[in-house]
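What follows is the content of entry06.cif (mmCIF, C-alpha atoms).
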```
data_coords
loop_
_atom_site.group_PDB
_atom_site.id
_atom_site.type_symbol
_atom_site.label_atom_id
_atom_site.label_comp_id
_atom_site.auth_asym_id
_atom_site.auth_seq_id
_atom_site.Cartn_x
_atom_site.Cartn_y
_atom_site.Cartn_z
ATOM 1 C CA MET A 10 154.926 105.346 104.093
ATOM 2 C CA GLU A 11 154.378 105.298 107.826
ATOM 3 C CA VAL A 12 151.886 102.810 109.197
ATOM 4 C CA ILE A 13 148.817 104.010 111.072
ATOM 5 C CA LYS A 14 147.646 101.573 113.672
ATOM 6 C CA ILE A 15 145.011 102.699 116.149
ATOM 7 C CA VAL A 16 143.644 100.149 118.587
ATOM 8 C CA GLY A 17 139.868 100.433 118.906
ATOM 9 C CA THR A 18 138.020 101.267 122.108
ATOM 10 C CA ASP A 19 134.316 101.195 122.952
ATOM 11 C CA ASP A 20 133.895 104.579 121.277
ATOM 12 C CA THR A 21 136.636 104.738 118.661
ATOM 13 C CA PRO A 22 137.296 102.336 115.787
ATOM 14 C CA THR A 23 140.338 100.219 115.035
ATOM 15 C CA VAL A 24 142.251 101.792 112.167
ATOM 16 C CA ILE A 25 145.023 100.098 110.216
ATOM 17 C CA LEU A 26 146.622 101.814 107.242
ATOM 18 C CA ASP A 27 149.596 99.739 106.182
ATOM 19 C CA VAL A 28 150.773 100.047 102.590
ATOM 20 C CA GLU A 29 153.485 97.403 102.791
ATOM 21 C CA ASN A 30 151.107 94.714 104.045
ATOM 22 C CA GLU A 31 148.239 96.035 101.925
ATOM 23 C CA ILE A 32 145.891 96.542 104.866
ATOM 24 C CA PHE A 33 143.492 99.462 104.776
ATOM 25 C CA GLU A 34 140.826 99.009 107.395
ATOM 26 C CA ILE A 35 138.465 100.848 109.712
ATOM 27 C CA SER A 36 136.451 98.627 112.006
ATOM 28 C CA GLY A 37 134.456 98.593 115.222
ATOM 29 C CA ARG A 38 132.543 101.447 116.797
ATOM 30 C CA SER A 39 132.814 105.104 115.988
ATOM 31 C CA LEU A 40 131.463 107.780 118.297
ATOM 32 C CA PRO A 41 134.592 109.701 119.283
ATOM 33 C CA GLU A 42 134.252 112.664 121.613
ATOM 34 C CA ASP A 43 135.905 114.843 118.964
ATOM 35 C CA VAL A 44 135.270 113.311 115.535
ATOM 36 C CA THR A 45 137.337 115.833 113.614
ATOM 37 C CA ALA A 46 140.396 115.313 115.786
ATOM 38 C CA PHE A 47 140.067 111.546 115.487
ATOM 39 C CA TYR A 48 139.703 111.404 111.692
ATOM 40 C CA GLU A 49 142.065 114.237 110.733
ATOM 41 C CA PRO A 50 145.272 112.133 110.833
ATOM 42 C CA ILE A 51 143.537 109.481 108.722
ATOM 43 C CA LEU A 52 142.469 112.008 106.095
ATOM 44 C CA ASP A 53 145.964 113.553 106.087
ATOM 45 C CA TRP A 54 147.497 110.117 105.641
ATOM 46 C CA LEU A 55 145.190 109.452 102.673
ATOM 47 C CA ASP A 56 146.231 112.750 101.085
ATOM 48 C CA ARG A 57 149.866 111.687 101.215
ATOM 49 C CA TYR A 58 149.055 108.143 100.119
ATOM 50 C CA SER A 59 147.093 109.389 97.096
ATOM 51 C CA GLU A 60 150.307 110.780 95.656
ATOM 52 C CA SER A 61 152.327 107.595 96.032
ATOM 53 C CA ALA A 62 149.752 104.807 95.633
ATOM 54 C CA SER A 63 150.770 102.420 92.908
ATOM 55 C CA GLY A 64 149.149 99.002 93.439
ATOM 56 C CA LYS A 65 145.601 98.024 94.157
ATOM 57 C CA THR A 66 143.983 99.539 97.245
ATOM 58 C CA VAL A 67 141.218 97.508 98.875
ATOM 59 C CA PHE A 68 139.780 99.690 101.610
ATOM 60 C CA ASN A 69 137.722 97.764 104.167
ATOM 61 C CA PHE A 70 135.046 99.242 106.372
ATOM 62 C CA LYS A 71 133.846 96.827 109.014
ATOM 63 C CA LEU A 72 131.935 99.036 111.384
ATOM 64 C CA VAL A 73 129.304 97.803 113.805
ATOM 65 C CA TYR A 74 128.179 101.268 114.848
ATOM 66 C CA PHE A 75 128.856 104.874 113.925
ATOM 67 C CA ASN A 76 127.078 108.062 114.986
ATOM 68 C CA THR A 77 125.918 110.754 112.569
ATOM 69 C CA ALA A 78 128.920 112.976 113.302
ATOM 70 C CA SER A 79 131.208 110.086 112.261
ATOM 71 C CA SER A 80 129.109 109.420 109.163
ATOM 72 C CA LYS A 81 130.176 112.755 107.742
ATOM 73 C CA LEU A 82 133.873 111.954 108.264
ATOM 74 C CA ILE A 83 133.441 108.482 106.765
ATOM 75 C CA LEU A 84 132.059 110.200 103.672
ATOM 76 C CA ASP A 85 135.155 112.434 103.608
ATOM 77 C CA ILE A 86 137.336 109.299 103.515
ATOM 78 C CA LEU A 87 135.231 107.828 100.710
ATOM 79 C CA LEU A 88 135.465 111.096 98.768
ATOM 80 C CA LYS A 89 139.271 110.978 98.998
ATOM 81 C CA LEU A 90 139.217 107.415 97.674
ATOM 82 C CA GLU A 91 136.872 108.550 94.908
ATOM 83 C CA GLU A 92 139.353 111.283 93.934
ATOM 84 C CA MET A 93 142.110 108.694 93.745
ATOM 85 C CA TYR A 94 139.928 106.451 91.601
ATOM 86 C CA GLU A 95 139.137 109.335 89.272
ATOM 87 C CA ALA A 96 142.871 110.017 89.012
ATOM 88 C CA GLY A 97 143.326 106.499 87.663
ATOM 89 C CA LYS A 98 144.272 104.579 90.816
ATOM 90 C CA ASP A 99 142.992 101.044 91.364
ATOM 91 C CA ILE A 100 140.572 101.392 94.294
ATOM 92 C CA VAL A 101 137.937 99.062 95.716
ATOM 93 C CA ILE A 102 135.813 99.781 98.780
ATOM 94 C CA LYS A 103 134.555 96.791 100.730
ATOM 95 C CA TRP A 104 131.713 97.563 103.097
ATOM 96 C CA HIS A 105 131.327 94.733 105.598
ATOM 97 C CA TYR A 106 128.112 94.483 107.593
ATOM 98 C CA PRO A 107 126.709 91.902 109.998
ATOM 99 C CA GLU A 108 124.196 89.815 108.022
ATOM 100 C CA ASP A 109 121.364 90.621 110.403
ATOM 101 C CA ASP A 110 122.032 94.354 110.435
ATOM 102 C CA GLU A 111 119.848 95.963 107.774
ATOM 103 C CA ASP A 112 120.708 99.476 108.912
ATOM 104 C CA MET A 113 124.438 98.911 108.412
ATOM 105 C CA GLU A 114 123.785 97.310 105.020
ATOM 106 C CA GLU A 115 121.640 100.281 104.061
ATOM 107 C CA ALA A 116 124.321 102.718 105.214
ATOM 108 C CA GLY A 117 126.688 101.021 102.744
ATOM 109 C CA GLU A 118 124.124 101.321 99.942
ATOM 110 C CA GLU A 119 123.707 105.006 100.643
ATOM 111 C CA TYR A 120 127.449 105.660 100.531
ATOM 112 C CA ALA A 121 127.696 103.612 97.319
ATOM 113 C CA ASP A 122 125.026 105.892 95.791
ATOM 114 C CA ILE A 123 126.923 109.031 96.749
ATOM 115 C CA VAL A 124 130.465 108.162 95.656
ATOM 116 C CA GLU A 125 131.584 107.022 92.210
ATOM 117 C CA VAL A 126 134.029 104.290 93.092
ATOM 118 C CA PRO A 127 133.907 100.451 92.911
ATOM 119 C CA PHE A 128 131.970 99.487 96.016
ATOM 120 C CA GLU A 129 131.336 95.940 97.261
ATOM 121 C CA GLN A 130 128.907 95.017 100.011
ATOM 122 C CA VAL A 131 130.031 92.035 102.061
ATOM 123 C CA GLY A 132 127.667 90.482 104.605
ATOM 124 C CA TYR A 133 129.263 88.439 107.360
ATOM 125 C CA SER A 134 127.866 86.177 110.022
ATOM 126 C CA LEU A 135 128.577 86.898 113.670
ATOM 127 C CA ASP A 136 128.660 83.200 114.648
ATOM 128 C CA MET B 9 107.250 126.173 158.032
ATOM 129 C CA ASP B 10 108.465 123.842 160.749
ATOM 130 C CA LYS B 11 111.208 121.422 160.006
ATOM 131 C CA LYS B 12 109.143 118.294 160.544
ATOM 132 C CA MET B 13 106.795 119.357 157.765
ATOM 133 C CA ASP B 14 109.714 119.922 155.398
ATOM 134 C CA VAL B 15 110.936 116.407 155.995
ATOM 135 C CA THR B 16 107.499 114.921 155.369
ATOM 136 C CA ASP B 17 107.171 116.954 152.178
ATOM 137 C CA PHE B 18 110.519 115.749 151.024
ATOM 138 C CA LEU B 19 109.748 112.101 151.796
ATOM 139 C CA GLU B 20 106.482 112.411 149.923
ATOM 140 C CA PHE B 21 108.276 114.004 147.024
ATOM 141 C CA VAL B 22 110.778 111.137 146.880
ATOM 142 C CA TYR B 23 108.021 108.534 147.010
ATOM 143 C CA SER B 24 105.857 110.270 144.427
ATOM 144 C CA PHE B 25 108.892 110.665 142.183
ATOM 145 C CA TYR B 26 109.533 106.939 142.510
ATOM 146 C CA LYS B 27 105.854 106.171 141.825
ATOM 147 C CA THR B 28 105.748 108.463 138.806
ATOM 148 C CA MET B 29 108.812 106.809 137.333
ATOM 149 C CA ASP B 30 107.288 103.417 137.962
ATOM 150 C CA ASP B 31 103.913 104.428 136.463
ATOM 151 C CA HIS B 32 105.610 105.733 133.334
ATOM 152 C CA GLU B 33 107.882 102.677 133.152
ATOM 153 C CA ILE B 34 110.935 104.928 133.204
ATOM 154 C CA SER B 35 114.120 102.906 133.488
ATOM 155 C CA LEU B 36 116.575 105.784 133.362
ATOM 156 C CA VAL B 37 116.252 109.463 134.178
ATOM 157 C CA TYR B 38 118.953 112.089 134.329
ATOM 158 C CA GLU B 39 119.088 115.831 134.694
ATOM 159 C CA GLY B 40 122.371 117.585 134.178
ATOM 160 C CA GLU B 41 125.169 118.361 131.826
ATOM 161 C CA VAL B 42 125.551 115.821 129.041
ATOM 162 C CA THR B 43 129.194 114.961 128.514
ATOM 163 C CA HIS B 44 130.853 112.257 126.479
ATOM 164 C CA GLN B 45 131.369 110.242 129.681
ATOM 165 C CA ILE B 46 127.641 110.461 130.464
ATOM 166 C CA THR B 47 126.780 109.307 126.949
ATOM 167 C CA LYS B 48 129.094 106.331 127.276
ATOM 168 C CA ALA B 49 127.799 105.428 130.727
ATOM 169 C CA PHE B 50 124.106 105.595 129.779
ATOM 170 C CA THR B 51 124.470 103.707 126.528
ATOM 171 C CA SER B 52 126.466 100.917 128.133
ATOM 172 C CA LEU B 53 124.047 100.706 131.072
ATOM 173 C CA THR B 54 121.047 100.485 128.740
ATOM 174 C CA GLU B 55 122.840 97.986 126.512
ATOM 175 C CA ALA B 56 123.551 95.769 129.506
ATOM 176 C CA ASN B 57 119.892 95.959 130.564
ATOM 177 C CA MET B 58 118.638 95.109 127.077
ATOM 178 C CA GLU B 59 121.131 92.274 126.805
ATOM 179 C CA ARG B 60 119.885 90.837 130.092
ATOM 180 C CA GLU B 61 116.283 91.121 128.931
ATOM 181 C CA GLU B 62 117.220 89.371 125.675
ATOM 182 C CA GLU B 63 116.061 92.217 123.498
ATOM 183 C CA SER B 64 116.684 91.566 119.780
ATOM 184 C CA ASN B 65 119.939 92.809 118.261
ATOM 185 C CA SER B 66 118.013 95.101 115.975
ATOM 186 C CA THR B 67 116.108 96.760 118.844
ATOM 187 C CA GLN B 68 119.304 97.086 120.883
ATOM 188 C CA LYS B 69 121.115 98.818 118.041
ATOM 189 C CA LYS B 70 118.248 101.177 117.297
ATOM 190 C CA VAL B 71 117.881 102.190 120.951
ATOM 191 C CA PHE B 72 121.651 102.766 121.079
ATOM 192 C CA HIS B 73 121.526 104.960 117.952
ATOM 193 C CA VAL B 74 118.617 107.043 119.226
ATOM 194 C CA MET B 75 120.168 107.495 122.688
ATOM 195 C CA VAL B 76 123.480 108.719 121.283
ATOM 196 C CA GLU B 77 121.868 111.192 118.892
ATOM 197 C CA CYS B 78 119.458 112.505 121.556
ATOM 198 C CA LEU B 79 122.216 112.939 124.137
ATOM 199 C CA GLN B 80 124.389 114.719 121.590
ATOM 200 C CA ASN B 81 121.514 117.045 120.741
ATOM 201 C CA ILE B 82 121.351 118.141 124.376
ATOM 202 C CA SER B 83 125.107 118.557 124.711
ATOM 203 C CA LYS B 84 125.393 120.553 121.483
ATOM 204 C CA HIS B 85 122.188 122.562 121.385
ATOM 205 C CA ALA B 86 120.701 123.102 124.849
ATOM 206 C CA ASP B 87 120.505 126.747 125.940
ATOM 207 C CA PHE B 88 120.020 127.916 129.528
ATOM 208 C CA LEU B 89 118.143 130.427 131.659
ATOM 209 C CA GLU B 90 120.330 133.036 133.352
ATOM 210 C CA GLU B 91 118.236 133.059 136.504
ATOM 211 C CA SER B 92 118.113 129.289 136.918
ATOM 212 C CA GLN B 93 120.531 127.380 139.123
ATOM 213 C CA PHE B 94 121.013 125.187 136.017
ATOM 214 C CA ASN B 95 122.599 128.091 134.179
ATOM 215 C CA ARG B 96 124.972 126.225 131.924
ATOM 216 C CA GLU B 97 124.531 125.208 128.344
ATOM 217 C CA GLY B 98 124.570 121.579 127.259
ATOM 218 C CA ARG B 99 122.348 120.287 129.997
ATOM 219 C CA GLY B 100 118.828 118.970 130.104
ATOM 220 C CA ILE B 101 116.682 116.059 131.128
ATOM 221 C CA PHE B 102 117.039 112.636 129.558
ATOM 222 C CA MET B 103 114.721 109.669 130.054
ATOM 223 C CA VAL B 104 114.435 106.145 128.746
ATOM 224 C CA SER B 105 111.262 104.175 129.317
ATOM 225 C CA LYS B 106 110.323 100.668 128.360
ATOM 226 C CA GLY B 107 106.760 99.738 127.528
ATOM 227 C CA LYS B 108 105.340 96.422 126.311
ATOM 228 C CA GLU B 109 105.540 97.387 122.653
ATOM 229 C CA GLU B 110 108.278 99.964 122.508
ATOM 230 C CA TYR B 111 111.103 101.898 124.108
ATOM 231 C CA SER B 112 110.797 105.680 124.402
ATOM 232 C CA VAL B 113 113.685 108.079 124.616
ATOM 233 C CA THR B 114 112.725 111.585 125.770
ATOM 234 C CA THR B 115 114.852 114.684 126.051
ATOM 235 C CA GLY B 116 113.930 118.077 127.481
ATOM 236 C CA ASN B 117 116.029 121.218 127.360
ATOM 237 C CA ILE B 118 115.880 124.992 127.366
ATOM 238 C CA LEU B 119 115.837 126.549 123.924
ATOM 239 C CA GLU B 120 115.857 130.154 122.710
ATOM 240 C CA ASN B 121 112.521 131.039 121.155
ATOM 241 C CA SER B 122 114.323 132.331 118.073
ATOM 242 C CA LYS B 123 115.327 128.747 117.210
ATOM 243 C CA ILE B 124 111.849 127.241 117.489
ATOM 244 C CA ALA B 125 110.618 128.022 113.993
ATOM 245 C CA GLU B 126 113.544 126.350 112.269
ATOM 246 C CA ILE B 127 113.590 123.238 114.459
ATOM 247 C CA GLY B 128 109.817 122.857 114.104
ATOM 248 C CA LYS B 129 110.085 123.183 110.335
ATOM 249 C CA THR B 130 112.886 120.600 110.142
ATOM 250 C CA LEU B 131 110.992 118.107 112.313
ATOM 251 C CA ASP B 132 107.727 118.603 110.400
ATOM 252 C CA GLN B 133 109.552 118.008 107.134
ATOM 253 C CA ILE B 134 111.175 114.830 108.507
ATOM 254 C CA ASN B 135 107.843 113.604 109.882
ATOM 255 C CA SER B 136 106.177 114.138 106.498
ATOM 256 C CA LEU B 137 108.613 111.848 104.662
ATOM 257 C CA ASP B 138 108.416 108.118 104.017
ATOM 258 C CA LYS B 139 111.437 105.784 104.073
ATOM 259 C CA ASP B 140 112.639 106.729 100.590
ATOM 260 C CA GLY B 141 112.120 110.413 101.239
ATOM 261 C CA LEU B 142 114.205 110.152 104.404
ATOM 262 C CA LYS B 143 116.973 108.373 102.494
ATOM 263 C CA GLN B 144 117.042 111.158 99.922
ATOM 264 C CA LEU B 145 117.108 113.843 102.595
ATOM 265 C CA TYR B 146 119.890 111.999 104.457
ATOM 266 C CA LYS B 147 122.020 111.742 101.329
ATOM 267 C CA GLN B 148 121.450 115.395 100.491
ATOM 268 C CA GLN B 149 122.336 116.530 104.021
ATOM 269 C CA ILE B 150 125.445 114.369 104.343
ATOM 270 C CA LYS B 151 126.727 115.696 101.000
ATOM 271 C CA GLU B 152 125.845 119.341 101.448
ATOM 272 C CA GLY B 153 125.914 119.806 105.217
ATOM 273 C CA ARG B 154 128.999 120.931 107.043
ATOM 274 C CA LEU B 155 130.148 119.781 110.432
ATOM 275 C CA SER B 156 129.387 122.577 112.924
ATOM 276 C CA ASN B 157 132.072 123.806 115.315
ATOM 277 C CA LYS B 158 130.364 121.665 117.940
ATOM 278 C CA GLY B 159 130.699 118.600 115.748
ATOM 279 C CA GLY B 160 127.060 118.347 114.690
ATOM 280 C CA ALA B 161 126.335 117.032 111.212
ATOM 281 C CA GLY B 162 122.666 118.104 111.039
ATOM 282 C CA LEU B 163 121.776 114.453 110.570
ATOM 283 C CA GLY B 164 120.566 113.442 114.027
ATOM 284 C CA PHE B 165 116.798 113.851 113.586
ATOM 285 C CA ILE B 166 116.864 112.321 110.094
ATOM 286 C CA ASP B 167 118.822 109.365 111.416
ATOM 287 C CA ILE B 168 116.381 108.852 114.300
ATOM 288 C CA ALA B 169 113.399 108.888 111.912
ATOM 289 C CA LYS B 170 115.151 106.500 109.511
ATOM 290 C CA LYS B 171 116.222 104.022 112.165
ATOM 291 C CA THR B 172 112.952 103.963 114.120
ATOM 292 C CA GLY B 173 110.540 104.210 111.172
ATOM 293 C CA LYS B 174 108.335 106.352 113.411
ATOM 294 C CA LYS B 175 107.323 109.977 113.673
ATOM 295 C CA ILE B 176 109.260 112.077 116.173
ATOM 296 C CA ASP B 177 106.992 113.664 118.817
ATOM 297 C CA TYR B 178 107.962 117.131 119.940
ATOM 298 C CA ASN B 179 106.631 120.159 121.786
ATOM 299 C CA PHE B 180 107.799 123.564 122.881
ATOM 300 C CA LEU B 181 106.488 124.739 126.273
ATOM 301 C CA ASN B 182 106.754 128.487 126.545
ATOM 302 C CA ILE B 183 108.723 129.736 129.562
ATOM 303 C CA ASN B 184 108.936 133.472 128.834
ATOM 304 C CA ASP B 185 109.471 135.886 125.936
ATOM 305 C CA ASN B 186 112.943 134.535 125.235
ATOM 306 C CA TYR B 187 112.937 130.859 126.130
ATOM 307 C CA SER B 188 110.944 127.645 125.839
ATOM 308 C CA PHE B 189 111.361 124.100 127.046
ATOM 309 C CA PHE B 190 111.860 121.757 124.094
ATOM 310 C CA ILE B 191 110.628 118.197 124.629
ATOM 311 C CA LEU B 192 111.293 115.481 122.096
ATOM 312 C CA THR B 193 110.297 111.815 122.208
ATOM 313 C CA SER B 194 111.460 109.032 119.909
ATOM 314 C CA LYS B 195 109.938 105.556 120.021
ATOM 315 C CA ILE B 196 111.610 102.301 119.083
ATOM 316 C CA SER B 197 109.531 99.141 118.512
ATOM 317 C CA ARG B 198 110.490 96.045 120.426
ATOM 318 C CA ILE B 199 110.720 93.335 117.798
#
```
What does the file become when written as structure tokens?
Amino acid sequence: MEVIKIVGTDDTPTVILDVENEIFEISGRSLPEDVTAFYEPILDWLDRYSESASGKTVFNFKLVYFNTASSKLILDILLKLEEMYEAGKDIVIKWHYPEDDEDMEEAGEEYADIVEVPFEQVGYSLD
Amino acid sequence: MDKKMDVTDFLEFVYSFYKTMDDHEISLVYEGEVTHQITKAFTSLTEANMEREEESNSTQKKVFHVMVECLQNISKHADFLEESQFNREGRGIFMVSKGKEEYSVTTGNILENSKIAEIGKTLDQINSLDKDGLKQLYKQQIKEGRLSNKGGAGLGFIDIAKKTGKKIDYNFLNINDNYSFFILTSKISRI
């Protein structure tokens, strides 16, 4: 499958979707001017990947900020991963949050409540 | 009116504007169309100011969240008066002020009277909820809500209430039979 590699900016996240190297990651800040346009290729990629995925997929979210418009699209990604999990694929979500950021930790808890998929919270230190 | 008088009036206006901003501890004020570029500029300016004043990470992030959601509300929902020189949608007034205990973010924009009842109801519901209630409402809205054609998720006010832990102040000042001026203030504790 083709690799998606989007370099992050101050308003869009870094996205790496690389099956061969087993990297599935969205990190940084997300407040794109047009959220739908930004996330559409990622959702399309996941649709194609869901048909071919064979090994374990560890999907990492390491966001420091996202706006409410992005939050809806992040849920769409999680719902696709949930579908794959329900179809028998080996999926784990890792939600990374800065240790001192309760809001980001809570955002992970809320997503974990909504989707039925293995979900790990991982606190990290900024130092 | 003679020209000299006009100049004096204008100078007095400028000074009183400056004084009023100072009295209300307003650190940023803007009137105009809210674009993505404006949102980026204001958030990075405010971030730089808070960084310099060694505001806590938590306060910085909450102010950032509230600013983005408030600015997006103006750009997505502000109506306009035909007869005004500001006759474009997506514009309004935006202010950030810093007091001893808290930051305040205030927006003001034209709104059709027909929308008042629903916005008032939504805000009253949000203001009536505690932390857990807000979490439930957020989860329900993110699951059931659809992204509007303007890219709104219907989550902005809920998110502001959740992040600040405070009631959202709002008022509608009647302009005429069709329009009002909608003013909304969110406060963020400095901790």
Stretch 82-156 of chain B near stretch 163-182 of chain B within 9 Å: what's each residue's closest atom pair and its distance in Å to one decimal, counting only C-alpha atoms, ordered by chain then ascending residue number, as CSV?
```
residue,atom,partner,partner_atom,distance
B:Leu119,CA,B:Phe180,CA,8.6
B:Asn121,CA,B:Asn182,CA,8.3
B:Ile124,CA,B:Phe180,CA,7.7
B:Gly128,CA,B:Tyr178,CA,8.4
B:Thr130,CA,B:Phe165,CA,8.5
B:Leu131,CA,B:Phe165,CA,7.3
B:Asp132,CA,B:Ile176,CA,8.8
B:Ile134,CA,B:Ile166,CA,6.4
B:Asn135,CA,B:Lys175,CA,5.3
B:Ser136,CA,B:Lys175,CA,8.4
B:Asp138,CA,B:Gly173,CA,8.4
B:Lys139,CA,B:Lys170,CA,6.6
B:Leu142,CA,B:Lys170,CA,6.3
B:Lys143,CA,B:Lys170,CA,7.5
B:Leu145,CA,B:Ile166,CA,7.7
B:Tyr146,CA,B:Ile166,CA,6.4
B:Gln149,CA,B:Leu163,CA,6.9
B:Ile150,CA,B:Leu163,CA,7.2
B:Gly153,CA,B:Leu163,CA,8.6
```
Given the selection you just returned, output its residues as a file containing C-alpha atoms, formatted as a PDB file, keeping the file's coordinate frame.
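Output file out04.pdb is given in full below:
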```pdb
ATOM      1  CA  LEU B 119     115.837 126.549 123.924  1.00  0.00           C
ATOM      2  CA  ASN B 121     112.521 131.039 121.155  1.00  0.00           C
ATOM      3  CA  ILE B 124     111.849 127.241 117.489  1.00  0.00           C
ATOM      4  CA  GLY B 128     109.817 122.857 114.104  1.00  0.00           C
ATOM      5  CA  THR B 130     112.886 120.600 110.142  1.00  0.00           C
ATOM      6  CA  LEU B 131     110.992 118.107 112.313  1.00  0.00           C
ATOM      7  CA  ASP B 132     107.727 118.603 110.400  1.00  0.00           C
ATOM      8  CA  ILE B 134     111.175 114.830 108.507  1.00  0.00           C
ATOM      9  CA  ASN B 135     107.843 113.604 109.882  1.00  0.00           C
ATOM     10  CA  SER B 136     106.177 114.138 106.498  1.00  0.00           C
ATOM     11  CA  ASP B 138     108.416 108.118 104.017  1.00  0.00           C
ATOM     12  CA  LYS B 139     111.437 105.784 104.073  1.00  0.00           C
ATOM     13  CA  LEU B 142     114.205 110.152 104.404  1.00  0.00           C
ATOM     14  CA  LYS B 143     116.973 108.373 102.494  1.00  0.00           C
ATOM     15  CA  LEU B 145     117.108 113.843 102.595  1.00  0.00           C
ATOM     16  CA  TYR B 146     119.890 111.999 104.457  1.00  0.00           C
ATOM     17  CA  GLN B 149     122.336 116.530 104.021  1.00  0.00           C
ATOM     18  CA  ILE B 150     125.445 114.369 104.343  1.00  0.00           C
ATOM     19  CA  GLY B 153     125.914 119.806 105.217  1.00  0.00           C
TER      20      GLY B 153
END
```
Please report, as CSV, each residue of chain B lying at most 6 Å from chain A, together with the nearest pair of atoms and the separation in Å rounded to one decimal; use only C-alpha atoms, and order rows by chain and ascending residue number.
```
residue,atom,partner,partner_atom,distance
B:His44,CA,A:Glu42,CA,5.9
B:Gly160,CA,A:Ala78,CA,5.9
B:Ala161,CA,A:Ala78,CA,5.2
B:Leu163,CA,A:Thr77,CA,5.9
```
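Residues surrounding A:Trp104 within 9 Å are A:Phe68, A:Asn69, A:Phe70, A:Lys71, A:Leu72, A:Glu114, A:Gly117, A:Phe128, A:Glu129, A:Gln130, A:Val131, A:Gly132 [only C-alpha atoms; sequence separation below 4 positions excluded].
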Quick one: which residues end up in the PyMOL selection byres ((chain B and resi 97-103) around 10) for this structure, as a count of residues only?
43
What is the distance, in Å and to one decimal place, between atom CA of A:Glu49 and atom CA of A:Lys14?
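Taking atom CA of A:Glu49 and atom CA of A:Lys14, their separation equals 14.1 Å.
If you look at atom CA of A:Arg38 and atom CA of B:Tyr111, they are 22.7 Å away from each other.
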Top pick for closest residue to B:Lys106, considering B:Lys151, B:Lys27, B:Lys69, B:His32 and counting only C-alpha atoms
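Comparing B:Lys151, B:Lys27, B:Lys69, B:His32 against B:Lys106, the winner is B:His32.
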Counting all atoms listed in the file, what is within 12 Å of A:Ile100, bar same-chain residues fewer than 5 positions away, as a list of chain:residue names?
A:Phe33, A:Ser59, A:Ala62, A:Ser63, A:Gly64, A:Lys65, A:Thr66, A:Val67, A:Phe68, A:Asn69, A:Leu87, A:Leu88, A:Lys89, A:Leu90, A:Glu91, A:Glu92, A:Met93, A:Tyr94, A:Glu95, A:Glu125, A:Val126, A:Pro127, A:Phe128, A:Glu129
Please report the interatomic distance between atom CA of B:Ile196 and atom CA of A:Leu135 in Å with one decimal.
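Going from atom CA of B:Ile196 over to atom CA of A:Leu135, I get 23.5 Å.
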Provide an axis-aligned box for all listed atoms of stretch 133-147 of chain B, padding each side by 4 Å; report its centre and its edge lengths in Å to one decimal, as lines of an AutoDock Vina configuration file.
```
center_x = 114.1
center_y = 111.9
center_z = 104.9
size_x = 23.8
size_y = 20.2
size_z = 18.0
```
For the provided coordinates, the residues matched by the PyMOL selection byres ((chain B and resi 110) around 6) should be stated as a ChimeraX atom specification.
/B:107-109,111,196-198
Evaluate the PyMOL selection byres ((chain A and resi 17) around 10) and report residues as an MDAnalysis selection string
chainID A and resid 14:16 18:24 35:39
